[in-house]
Every structure is written in C-alpha cells, then in structure tokens.
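K.L.:
For reference, the file query-v5.cif (mmCIF, C-alpha atoms) is included below:
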data_input
#
loop_
_atom_site.label_atom_id
_atom_site.label_comp_id
_atom_site.auth_asym_id
_atom_site.auth_seq_id
_atom_site.Cartn_x
_atom_site.Cartn_y
_atom_site.Cartn_z
CA MET B 1 86.40 63.35 45.34
CA LYS B 2 84.55 61.80 42.46
CA ASN B 3 85.27 64.58 40.00
CA GLU B 4 89.02 64.37 40.29
CA TRP B 5 91.13 63.37 37.34
CA PRO B 6 93.02 60.12 37.71
CA LEU B 7 96.46 60.11 39.28
CA TRP B 8 99.48 59.49 37.08
CA GLU B 9 103.02 58.57 38.06
CA VAL B 10 105.73 60.39 36.16
CA PHE B 11 109.07 58.92 35.16
CA ILE B 12 111.73 61.09 33.58
CA ARG B 13 115.03 60.29 31.93
CA GLY B 14 117.47 63.03 32.76
CA LYS B 15 120.07 62.34 30.08
CA HIS B 16 120.54 60.04 27.15
CA GLY B 17 121.89 56.70 28.32
CA THR B 18 120.47 56.86 31.83
CA SER B 19 117.24 55.20 32.85
CA HIS B 20 113.88 56.75 33.63
CA ARG B 21 113.43 57.58 37.30
CA HIS B 22 110.31 58.25 39.27
CA PHE B 23 109.87 62.01 39.59
CA GLY B 24 106.49 62.44 41.18
CA SER B 25 102.83 62.29 40.37
CA LEU B 26 100.09 64.51 39.00
CA HIS B 27 96.46 64.55 37.92
CA ALA B 28 95.34 64.56 34.29
CA PRO B 29 92.25 63.52 32.32
CA ASP B 30 94.18 61.27 29.90
CA ALA B 31 97.66 60.09 28.99
CA GLU B 32 98.27 62.86 26.49
CA MET B 33 97.45 65.57 29.01
CA ALA B 34 99.46 63.72 31.64
CA LEU B 35 102.51 63.99 29.39
CA LYS B 36 101.88 67.68 28.83
CA ASN B 37 101.36 68.33 32.52
CA ALA B 38 104.51 66.39 33.34
CA ARG B 39 106.39 68.56 30.89
CA ASP B 40 105.11 71.68 32.61
CA VAL B 41 105.37 70.51 36.19
CA TYR B 42 108.63 68.56 36.14
CA THR B 43 110.81 69.61 33.21
CA ARG B 44 110.63 73.39 33.27
CA ARG B 45 114.23 73.61 34.41
CA ASN B 46 115.48 71.36 31.68
CA GLU B 47 115.43 68.22 33.80
CA GLY B 48 114.68 65.68 31.12
CA VAL B 49 114.92 64.30 27.62
CA SER B 50 112.16 61.71 27.89
CA ILE B 51 108.96 61.33 29.90
CA TRP B 52 106.91 58.25 30.76
CA VAL B 53 103.55 58.46 32.48
CA VAL B 54 101.52 55.59 33.82
CA GLU B 55 98.20 55.70 35.55
CA ALA B 56 98.89 55.03 39.20
CA GLU B 57 96.18 52.38 39.50
CA ASN B 58 98.04 50.28 36.93
CA ILE B 59 101.06 49.96 39.19
CA SER B 60 101.22 46.90 41.41
CA ALA B 61 103.21 47.57 44.53
CA SER B 62 104.63 45.36 47.23
CA SER B 63 103.12 45.83 50.64
CA PRO B 64 105.21 47.62 53.27
CA SER B 65 104.01 45.08 55.85
CA ASP B 66 105.71 42.28 53.89
CA LYS B 67 109.04 43.96 54.42
CA GLY B 68 110.30 41.25 56.73
CA PRO B 69 109.73 38.14 54.59
CA LEU B 70 110.59 39.92 51.36
CA TYR B 71 113.83 41.66 52.15
CA GLU B 72 115.29 40.68 55.49
CA PRO B 73 116.54 37.22 54.50
CA SER B 74 119.06 38.75 52.12
CA ASN B 75 120.66 40.75 54.92
CA ALA B 76 122.43 37.67 56.19
CA LYS B 77 123.71 36.57 52.79
CA VAL B 78 126.71 38.77 52.36
CA TYR B 79 128.12 36.41 49.70
CA ARG B 80 125.45 37.68 47.30
CA HIS B 81 127.24 41.01 47.08
CA PRO B 82 130.17 41.12 44.68
CA SER B 83 132.23 42.84 47.35
CA PHE B 84 134.98 40.22 47.42
CA PHE B 85 136.32 41.06 43.98
CA ASP B 86 138.78 43.72 42.96
CA ILE B 87 137.18 45.66 40.15
CA PRO B 88 139.67 46.89 37.54
CA ASP B 89 139.74 50.67 37.15
CA ASP B 90 138.91 50.43 33.42
CA VAL B 91 135.48 49.09 34.22
CA GLY B 92 134.34 52.47 35.50
CA ALA B 93 131.22 52.99 37.56
CA MET B 94 129.18 49.86 38.24
CA MET L 1 113.91 108.65 13.30
CA PRO L 2 113.82 107.92 9.52
CA LYS L 3 110.40 106.90 8.26
CA GLN L 4 111.40 103.32 7.54
CA ASP L 5 112.81 102.88 11.05
CA GLU L 6 109.58 104.30 12.43
CA ALA L 7 107.65 101.56 10.59
CA LEU L 8 109.97 98.87 11.90
CA PHE L 9 109.67 100.29 15.40
CA GLN L 10 105.88 100.17 15.17
CA PHE L 11 105.97 96.62 13.89
CA LEU L 12 108.17 95.51 16.80
CA LEU L 13 105.88 97.26 19.29
CA ARG L 14 102.97 95.32 17.84
CA MET L 15 104.77 92.02 18.29
CA GLY L 16 106.05 92.87 21.77
CA ASP L 17 102.87 94.47 23.07
CA ASN L 18 100.81 91.43 22.06
CA THR L 19 103.02 89.09 24.06
CA LEU L 20 103.37 91.55 26.94
CA VAL L 21 99.66 92.16 27.43
CA LEU L 22 98.67 88.54 26.92
CA GLY L 23 101.51 87.40 29.18
CA HIS L 24 100.23 89.70 31.89
CA ARG L 25 96.66 88.55 31.41
CA VAL L 26 97.61 84.89 31.63
CA SER L 27 99.73 85.55 34.72
CA GLU L 28 96.56 86.72 36.47
CA TRP L 29 95.62 83.04 36.77
CA CYS L 30 98.70 82.27 38.83
CA GLY L 31 97.46 80.72 42.07
CA HIS L 32 93.83 80.71 40.88
CA SER L 33 93.63 77.97 38.24
CA PRO L 34 91.15 75.15 38.69
CA VAL L 35 93.90 72.57 39.19
CA LEU L 36 97.55 72.75 40.18
CA GLU L 37 98.83 71.29 36.91
CA GLU L 38 97.01 73.90 34.84
CA ASP L 39 98.18 76.62 37.17
CA ILE L 40 101.80 75.74 36.56
CA ALA L 41 101.26 75.26 32.83
CA LEU L 42 99.59 78.66 32.48
CA ALA L 43 102.31 80.36 34.49
CA ASN L 44 104.88 78.77 32.19
CA THR L 45 103.04 80.13 29.17
CA ALA L 46 102.86 83.59 30.73
CA LEU L 47 106.59 83.52 31.43
CA ASP L 48 107.36 82.42 27.87
CA LEU L 49 105.32 85.34 26.57
CA ILE L 50 107.03 87.83 28.87
CA GLY L 51 110.39 86.39 27.78
CA GLN L 52 109.48 86.94 24.14
CA THR L 53 108.42 90.48 25.03
CA GLN L 54 111.91 91.23 26.26
CA PHE L 55 113.29 90.35 22.84
CA TRP L 56 110.68 92.24 20.81
CA LEU L 57 110.65 95.37 22.93
CA GLY L 58 114.40 95.20 23.44
CA LEU L 59 114.86 95.32 19.68
CA ALA L 60 112.18 98.00 19.38
CA GLY L 61 114.14 100.18 21.79
CA GLU L 62 117.32 99.63 19.78
CA VAL L 63 115.63 100.55 16.52
CA GLU L 64 114.08 103.62 18.07
CA GLY L 65 117.52 104.79 19.18
CA LYS L 66 116.36 106.81 22.19
CA GLU L 67 118.02 104.59 24.77
CA ARG L 68 114.72 103.12 25.90
CA SER L 69 114.99 99.59 27.25
CA ALA L 70 112.34 96.87 27.00
CA ASP L 71 111.41 97.70 30.61
CA ASP L 72 111.02 101.40 29.79
CA LEU L 73 108.71 100.54 26.92
CA ALA L 74 106.70 98.08 28.97
CA PHE L 75 106.32 100.10 32.15
CA LEU L 76 106.52 103.75 31.15
CA ARG L 77 104.29 104.06 28.11
CA ASP L 78 100.69 105.05 28.49
CA VAL L 79 97.74 103.21 27.04
CA TRP L 80 97.53 105.09 23.71
CA ASP L 81 101.11 104.13 22.89
CA PHE L 82 100.37 100.41 23.08
CA ARG L 83 100.03 98.51 19.80
CA SER L 84 98.57 95.23 21.04
CA ILE L 85 95.50 93.79 19.36
CA LEU L 86 92.22 93.97 21.24
CA LEU L 87 92.01 90.18 21.63
CA VAL L 88 94.87 89.98 24.11
CA GLU L 89 93.55 92.68 26.44
CA LEU L 90 90.11 91.12 26.89
CA PRO L 91 89.30 89.89 30.40
CA ASN L 92 90.13 86.29 31.26
CA GLY L 93 86.52 85.34 31.90
CA ASP L 94 86.27 81.72 32.97
CA PHE L 95 89.02 79.19 32.41
CA GLY L 96 87.48 78.11 29.11
CA GLN L 97 87.41 81.66 27.77
CA THR L 98 91.05 82.12 28.75
CA LEU L 99 92.07 78.96 26.94
CA MET L 100 89.96 79.80 23.89
CA ARG L 101 91.62 83.21 23.67
CA GLN L 102 94.97 81.53 24.13
CA PHE L 103 94.30 79.10 21.31
CA LEU L 104 93.06 81.80 18.93
CA PHE L 105 96.23 83.77 19.61
CA ASP L 106 98.64 80.80 19.67
CA ALA L 107 97.39 79.64 16.27
CA TRP L 108 98.08 83.06 14.77
CA GLN L 109 101.42 83.41 16.53
CA SER L 110 102.67 80.00 15.41
CA ILE L 111 101.94 80.84 11.76
CA MET L 112 103.36 84.36 12.06
CA LEU L 113 106.59 83.18 13.70
CA GLY L 114 106.97 80.50 11.04
CA ARG L 115 106.99 83.23 8.39
CA LEU L 116 109.21 85.55 10.41
CA MET L 117 111.89 82.88 10.61
CA SER L 118 112.78 83.79 7.04
CA SER L 119 112.69 87.55 7.69
CA SER L 120 115.28 89.65 5.86
CA GLU L 121 116.03 91.24 9.24
CA LYS L 122 118.32 88.74 10.95
CA ARG L 123 117.50 89.85 14.50
CA ILE L 124 113.81 89.27 13.85
CA ALA L 125 114.44 85.87 12.28
CA ASP L 126 116.47 84.91 15.37
CA ILE L 127 113.74 85.94 17.82
CA ALA L 128 111.16 84.08 15.73
CA GLU L 129 113.28 80.95 15.67
CA LYS L 130 113.65 80.94 19.44
CA ALA L 131 110.03 81.83 20.20
CA SER L 132 108.57 79.39 17.70
CA LYS L 133 109.64 76.40 19.81
CA GLU L 134 107.77 77.75 22.80
CA VAL L 135 104.74 78.65 20.74
CA ALA L 136 104.60 75.23 19.05
CA TYR L 137 104.04 73.83 22.52
CA HIS L 138 101.57 76.57 23.51
CA VAL L 139 99.34 75.87 20.53
CA GLU L 140 99.50 72.12 21.06
CA ARG L 141 98.45 72.57 24.65
CA SER L 142 95.74 75.17 24.13
CA ALA L 143 94.31 73.25 21.15
CA GLY L 144 94.19 70.10 23.26
CA THR L 145 92.33 71.91 26.03
CA VAL L 146 89.89 73.53 23.59
CA VAL L 147 89.08 70.08 22.18
CA GLY L 148 88.87 68.53 25.65
CA LEU L 149 86.45 71.18 26.93
CA GLY L 150 84.53 71.72 23.68
CA ASP L 151 83.93 68.03 23.25
CA GLY L 152 83.53 67.50 26.98
CA THR L 153 80.45 67.75 29.14
CA GLU L 154 77.34 69.66 28.18
CA GLU L 155 78.34 72.53 30.42
CA SER L 156 81.93 72.74 29.23
CA HIS L 157 80.72 72.63 25.62
CA GLN L 158 78.30 75.48 26.26
CA ARG L 159 80.93 77.61 27.93
CA MET L 160 83.41 77.03 25.10
CA GLN L 161 80.84 77.89 22.47
CA ALA L 162 79.97 81.07 24.37
CA ALA L 163 83.68 81.91 24.64
CA LEU L 164 84.15 81.40 20.92
CA GLU L 165 81.19 83.64 20.12
CA TYR L 166 82.52 86.36 22.42
CA LEU L 167 86.07 86.18 21.10
CA TRP L 168 85.57 85.53 17.40
CA PRO L 169 84.87 89.21 16.47
CA TYR L 170 88.37 89.98 17.82
CA VAL L 171 90.13 87.50 15.53
CA GLY L 172 89.88 89.59 12.37
CA GLU L 173 92.19 92.32 13.66
CA MET L 174 95.16 89.96 13.43
CA PHE L 175 94.78 89.88 9.66
CA MET L 176 94.27 93.57 8.92
CA SER L 177 97.02 95.24 6.92
CA ASP L 178 98.03 98.88 6.92
CA GLU L 179 100.88 101.01 5.61
CA ILE L 180 103.26 99.74 8.31
CA ASP L 181 102.67 96.17 7.18
CA ALA L 182 103.12 97.26 3.56
CA GLU L 183 106.51 98.72 4.44
CA MET L 184 107.49 95.46 6.22
CA VAL L 185 106.43 93.42 3.18
CA LYS L 186 108.35 95.71 0.85
CA ARG L 187 111.55 95.19 2.82
CA GLY L 188 111.01 91.46 3.22
CA ILE L 189 110.89 91.85 7.01
CA ALA L 190 107.42 90.44 7.71
CA PRO L 191 104.54 88.89 5.79
CA ASP L 192 101.35 90.67 4.86
CA PRO L 193 98.98 89.81 7.75
CA THR L 194 96.19 89.14 5.27
CA SER L 195 98.25 86.33 3.75
CA LEU L 196 98.15 84.35 7.02
CA ARG L 197 94.40 84.01 7.06
CA GLU L 198 94.01 80.93 4.92
CA GLU L 199 96.45 78.86 6.95
CA TYR L 200 94.88 80.19 10.15
CA ASP L 201 91.36 79.28 9.12
CA ALA L 202 92.51 75.80 8.18
CA LEU L 203 94.25 75.21 11.53
CA VAL L 204 91.58 76.81 13.70
CA GLY L 205 88.77 75.23 11.68
CA ARG L 206 90.24 71.76 12.13
CA VAL L 207 90.64 72.12 15.91
CA LEU L 208 87.23 73.73 16.47
CA ARG L 209 85.53 71.03 14.40
CA GLU L 210 87.20 68.41 16.54
CA ALA L 211 86.01 70.36 19.57
CA THR L 212 82.44 70.19 18.16
CA LEU L 213 82.24 73.99 18.23
CA THR L 214 80.65 76.22 15.62
CA ILE L 215 82.46 79.29 14.27
CA PRO L 216 80.08 82.28 14.09
CA ASP L 217 79.04 83.35 10.58
CA ASP L 218 79.27 87.10 11.14
CA PRO L 219 82.52 88.41 9.58
CA PHE L 220 82.45 91.59 11.70
CA ALA L 221 85.80 92.39 13.30
CA HIS L 222 86.68 94.90 16.01
CA LYS L 223 89.79 96.96 15.40
CA GLY L 224 91.81 99.76 16.89
CA GLY L 225 94.34 98.02 19.15
CA LYS L 226 97.04 97.27 16.63
CA THR L 227 96.98 100.83 15.29
CA GLY L 228 96.59 102.29 18.77
CA LYS L 229 93.60 104.31 17.59
CA GLN L 230 91.16 102.82 20.06
CA HIS L 231 91.98 100.28 22.72
CA SER L 232 89.23 98.76 24.78
CA GLU L 233 88.63 100.02 28.30
CA HIS L 234 90.42 96.94 29.61
CA LEU L 235 93.96 97.90 28.65
CA GLY L 236 94.11 100.88 30.99
CA HIS L 237 93.07 98.68 33.87
CA ILE L 238 95.78 96.17 33.01
CA LEU L 239 98.38 98.92 33.02
CA THR L 240 97.36 100.16 36.45
CA GLN L 241 98.30 96.71 37.76
CA MET L 242 101.30 96.12 35.55
CA GLN L 243 102.91 99.53 35.84
CA TRP L 244 102.05 100.80 39.28
CA LEU L 245 105.34 99.85 40.87
CA GLN L 246 107.48 101.69 38.33
CA ARG L 247 105.07 104.60 38.45
CA ALA L 248 105.02 104.82 42.23
CA TYR L 249 108.74 104.14 42.68
CA PRO L 250 110.44 105.32 39.48
CA GLY L 251 113.58 103.38 38.69
CA ALA L 252 112.94 100.78 41.41
CA ASN L 253 115.19 97.78 40.97
CA TRP L 254 116.09 94.53 42.67
#
Once more with this new file: its structure as structure tokens, please.

P.N.:
Amino acid sequence: MKNEWPLWEVFIRGKHGTSHRHFGSLHAPDAEMALKNARDVYTRRNEGVSIWVVEAENISASSPSDKGPLYEPSNAKVYRHPSFFDIPDDVGAM
Amino acid sequence: MPKQDEALFQFLLRMGDNTLVLGHRVSEWCGHSPVLEEDIALANTALDLIGQTQFWLGLAGEVEGKERSADDLAFLRDVWDFRSILLVELPNGDFGQTLMRQFLFDAWQSIMLGRLMSSSEKRIADIAEKASKEVAYHVERSAGTVVGLGDGTEESHQRMQAALEYLWPYVGEMFMSDEIDAEMVKRGIAPDPTSLREEYDALVGRVLREATLTIPDDPFAHKGGKTGKQHSEHLGHILTQMQWLQRAYPGANW
C-alpha cells in the first residue's frame, strides 16, 4: 500500500549495562513517532530503559541463500571456539 | 459532612470524573484506531486515565466518609452527580477530533498536576506526582499528533481546524472558578483555575501555531459540567455503556 507509513525496526535495552536487542517492528511517519510508538507498543510492561529505532530500509541484511558459503565453513573449525580452556570461576559469565 | 470536607470532596470528584469520563471515551477507540500503533497508544492513555481515576475517586470516597469506594462512585452515581467538564464527554468524532480534545485536556492537566504537586494536602500532592509522569507523556504525544495532522495534508489540516473550532468553546470551563475552588485556594490545596490560563494559552498557542491552526476569536465558553448544573446529552449515553454491568448485576465481581 502506497499510503502506509515506513517500517521501523525497534531495539530495546532491558537494563543498564546490557546491549540493545531487536524487539520487533512497527510503522510510524518519522523517527520521533517511531520512538513514541515503540514506547507504547513494546515497553508498557516496563521492559526497557533505552530505545533505538531505525528505518527498516536502512538495514542491510545477509541473504538466507548465502547461508552455506557464509556460515558452514566455521562448523568444521572447532579450534576457533575457546572450549579447550578452563575458565576461572571469578571471571563470571562470558 | 463538614462544609470544608464537602468542598474537598467536590474538588476530588471533579478531578476523578474528568479522568474517568475521558478515559472511557478514549477506550472507545480500542480496536478501531486507524493504525495498530495508535490503537495501543490510545488504549495506554485510557488505562492511565482510569488508573488516575482510582486514586482521585478513592480519596474522594475516603473524604466523604460514607464507605463508598472508587468503584461505587464511578458505577453507581447518576449523571447529575458527575462533576466532569463538558469537554471530556464530547463524542470522539474522527481521530483528529479525539486527538485535539486529548491535547486540549492534556495541556490543562499537565499544568494543573504541576501545581497540585505542592498541594498542602499530602495525599493530593502524591497523586499529582505519580500522575504527572504519565501526563507529561500524554501531552507530548497528543501535541505531536496535533502538529503532525495540523501541518499535514490539506485534508488533515481541514479536519484539525474543524475539530479545534468545535472544541474551543469547551476549553474555557477548565478555567472557571467558583466557591469550591476558593475554598481549595484558601486551604492551599489547589490553585485557582483562573491562574492556569496564561500558562495554558502559552503552551497551547505554541503547539497550535506549529500545527498551522488558528484559534477561534470568540471567547464564548460552555459551562455546567464541572458544577454538575447541566451536562451535555452525551454523558448519560456514556454512563449507559460504562455502568450497565453494575446496574444489571449489582455487586458483580471477578
């Protein structure tokens, strides 16, 4: 539909110190309204402390059909995972 | 009830009935808004207003001292006992008219709550403090929409101007003072409504200018809601929807 507002992707940070995560998408006429709509649609149960919105058309995405060449080669390279080290307890979650 | 408590009771009914009736009106959009995002946003606003009503009418019931709860006051009073201003009972009209009404009310409410935060009555100051955060967002949102639609397409501009012309004569009632207000001023509980006008005109004038809308010249103002002397025909219709369940099944609970 030609009259539809542009689509925006919404990223929300749940707590201080964590990173923004993709929450969903919505329609809005501009960035300011997209922020307001995100506040109303996604944070009404106190889900966040910070909101980012970005117009969906500004996101460049990898193509699902490139899955093979992009990701499969790393499957065979187990040595890339730091799974052969003992991590001291003091380090906490990694 | 002593005369001064009667005045306080009336004042609290005015605050609570405004948010109750407007909250109900706004909730009528639920599931009908032009877009999903606005639908959710309007429902949030309606819920905020109903939440504020619980505080105002809850306190009103306490002050009255007849064991009436906020629910009793909301669902078991008849139309002539309501003290809401006429503005909030007006029909929703189109989406633009709803948002214009919302903005005209939000602007008043944000200024009023700001003053009530320093009320000599602690319980009122506490309600105002809590509600003012919600209302700061309401007015930001409704002002943004009024600007977006006023300064939008030719059609949206026309509709917003028509909404403003229809609603403007109902603005004046928010700033009319009577003996109940005088009593509140005397006790440091609430400001004189007249004293809010200048700040209101500045805020509303700024937003409407940005929205390229023209405020009507005619200073005529409808009245009768706040005093309960003469509500419009619309309030009774609202109550038939809002109260029917408690009327048909007295004491029904879930």

K.L.:
Write out as a list of chain:residue names which residues come within 10 Å of Asp178 in chain L when counting only C-alpha atoms, dropping same-chain ones fewer than 6 positions away.

P.N.:
L:Asp192, L:Pro193, L:Lys226, L:Thr227

K.L.:
Residues of chain L within 7 Å of chain B, using all atoms listed in the file, as a list in words?

P.N.:
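Therefore, the residues near the partner are Glu37, Ile40 and Ala41 of chain L.
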
K.L.:
Those residues you just picked out, can you put them in a file as an mmCIF file, in the frame of the given file with C-alpha atoms?

P.N.:
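For reference, part_36.cif as written:
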data_model
loop_
_atom_site.group_PDB
_atom_site.id
_atom_site.type_symbol
_atom_site.label_atom_id
_atom_site.label_comp_id
_atom_site.auth_asym_id
_atom_site.auth_seq_id
_atom_site.Cartn_x
_atom_site.Cartn_y
_atom_site.Cartn_z
ATOM 1 C CA GLU L 37 98.830 71.290 36.910
ATOM 2 C CA ILE L 40 101.800 75.740 36.560
ATOM 3 C CA ALA L 41 101.260 75.260 32.830
#

K.L.:
I would like the residues chosen by the PyMOL selection byres ((chain B and resi 21) around 6) on the shown file; could you give them as a list in words?

P.N.:
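What the PyMOL selection byres ((chain B and resi 21) around 6) grabs from the file is Phe11, Ile12, His20 and His22 of chain B.
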
K.L.:
Exactly which residues make up the result of the PyMOL selection byres ((chain B and resi 50) around 8) on this file, given as an MDAnalysis selection string?

P.N.:
chainID B and resid 12:14 20 48:49 51:52

K.L.:
Of the candidates L:Arg197, L:Arg77, L:Arg68, L:Arg14, which shows the shortest atom-to-atom distance to Thr240 in chain L, using all atoms listed in the file?

P.N.:
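Once distances to Thr240 in chain L are computed over all atoms listed in the file, the minimum belongs to L:Arg77.
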
K.L.:
For each of L:Gly188, L:Pro216, L:Gly58, L:Gly144, take the minimum atom-to-atom distance to Met100 in chain L, counting all atoms listed in the file, then give the residue where this is smallest.

P.N.:
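Among the listed residues, the smallest separation from Met100 in chain L belongs to L:Gly144.
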
K.L.:
By how many Å are CA of Ser74 in chain B and CA of Ala93 in chain B apart?

P.N.:
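If I compute the distance from CA of Ser74 in chain B to CA of Ala93 in chain B, I get 23.7 Å.
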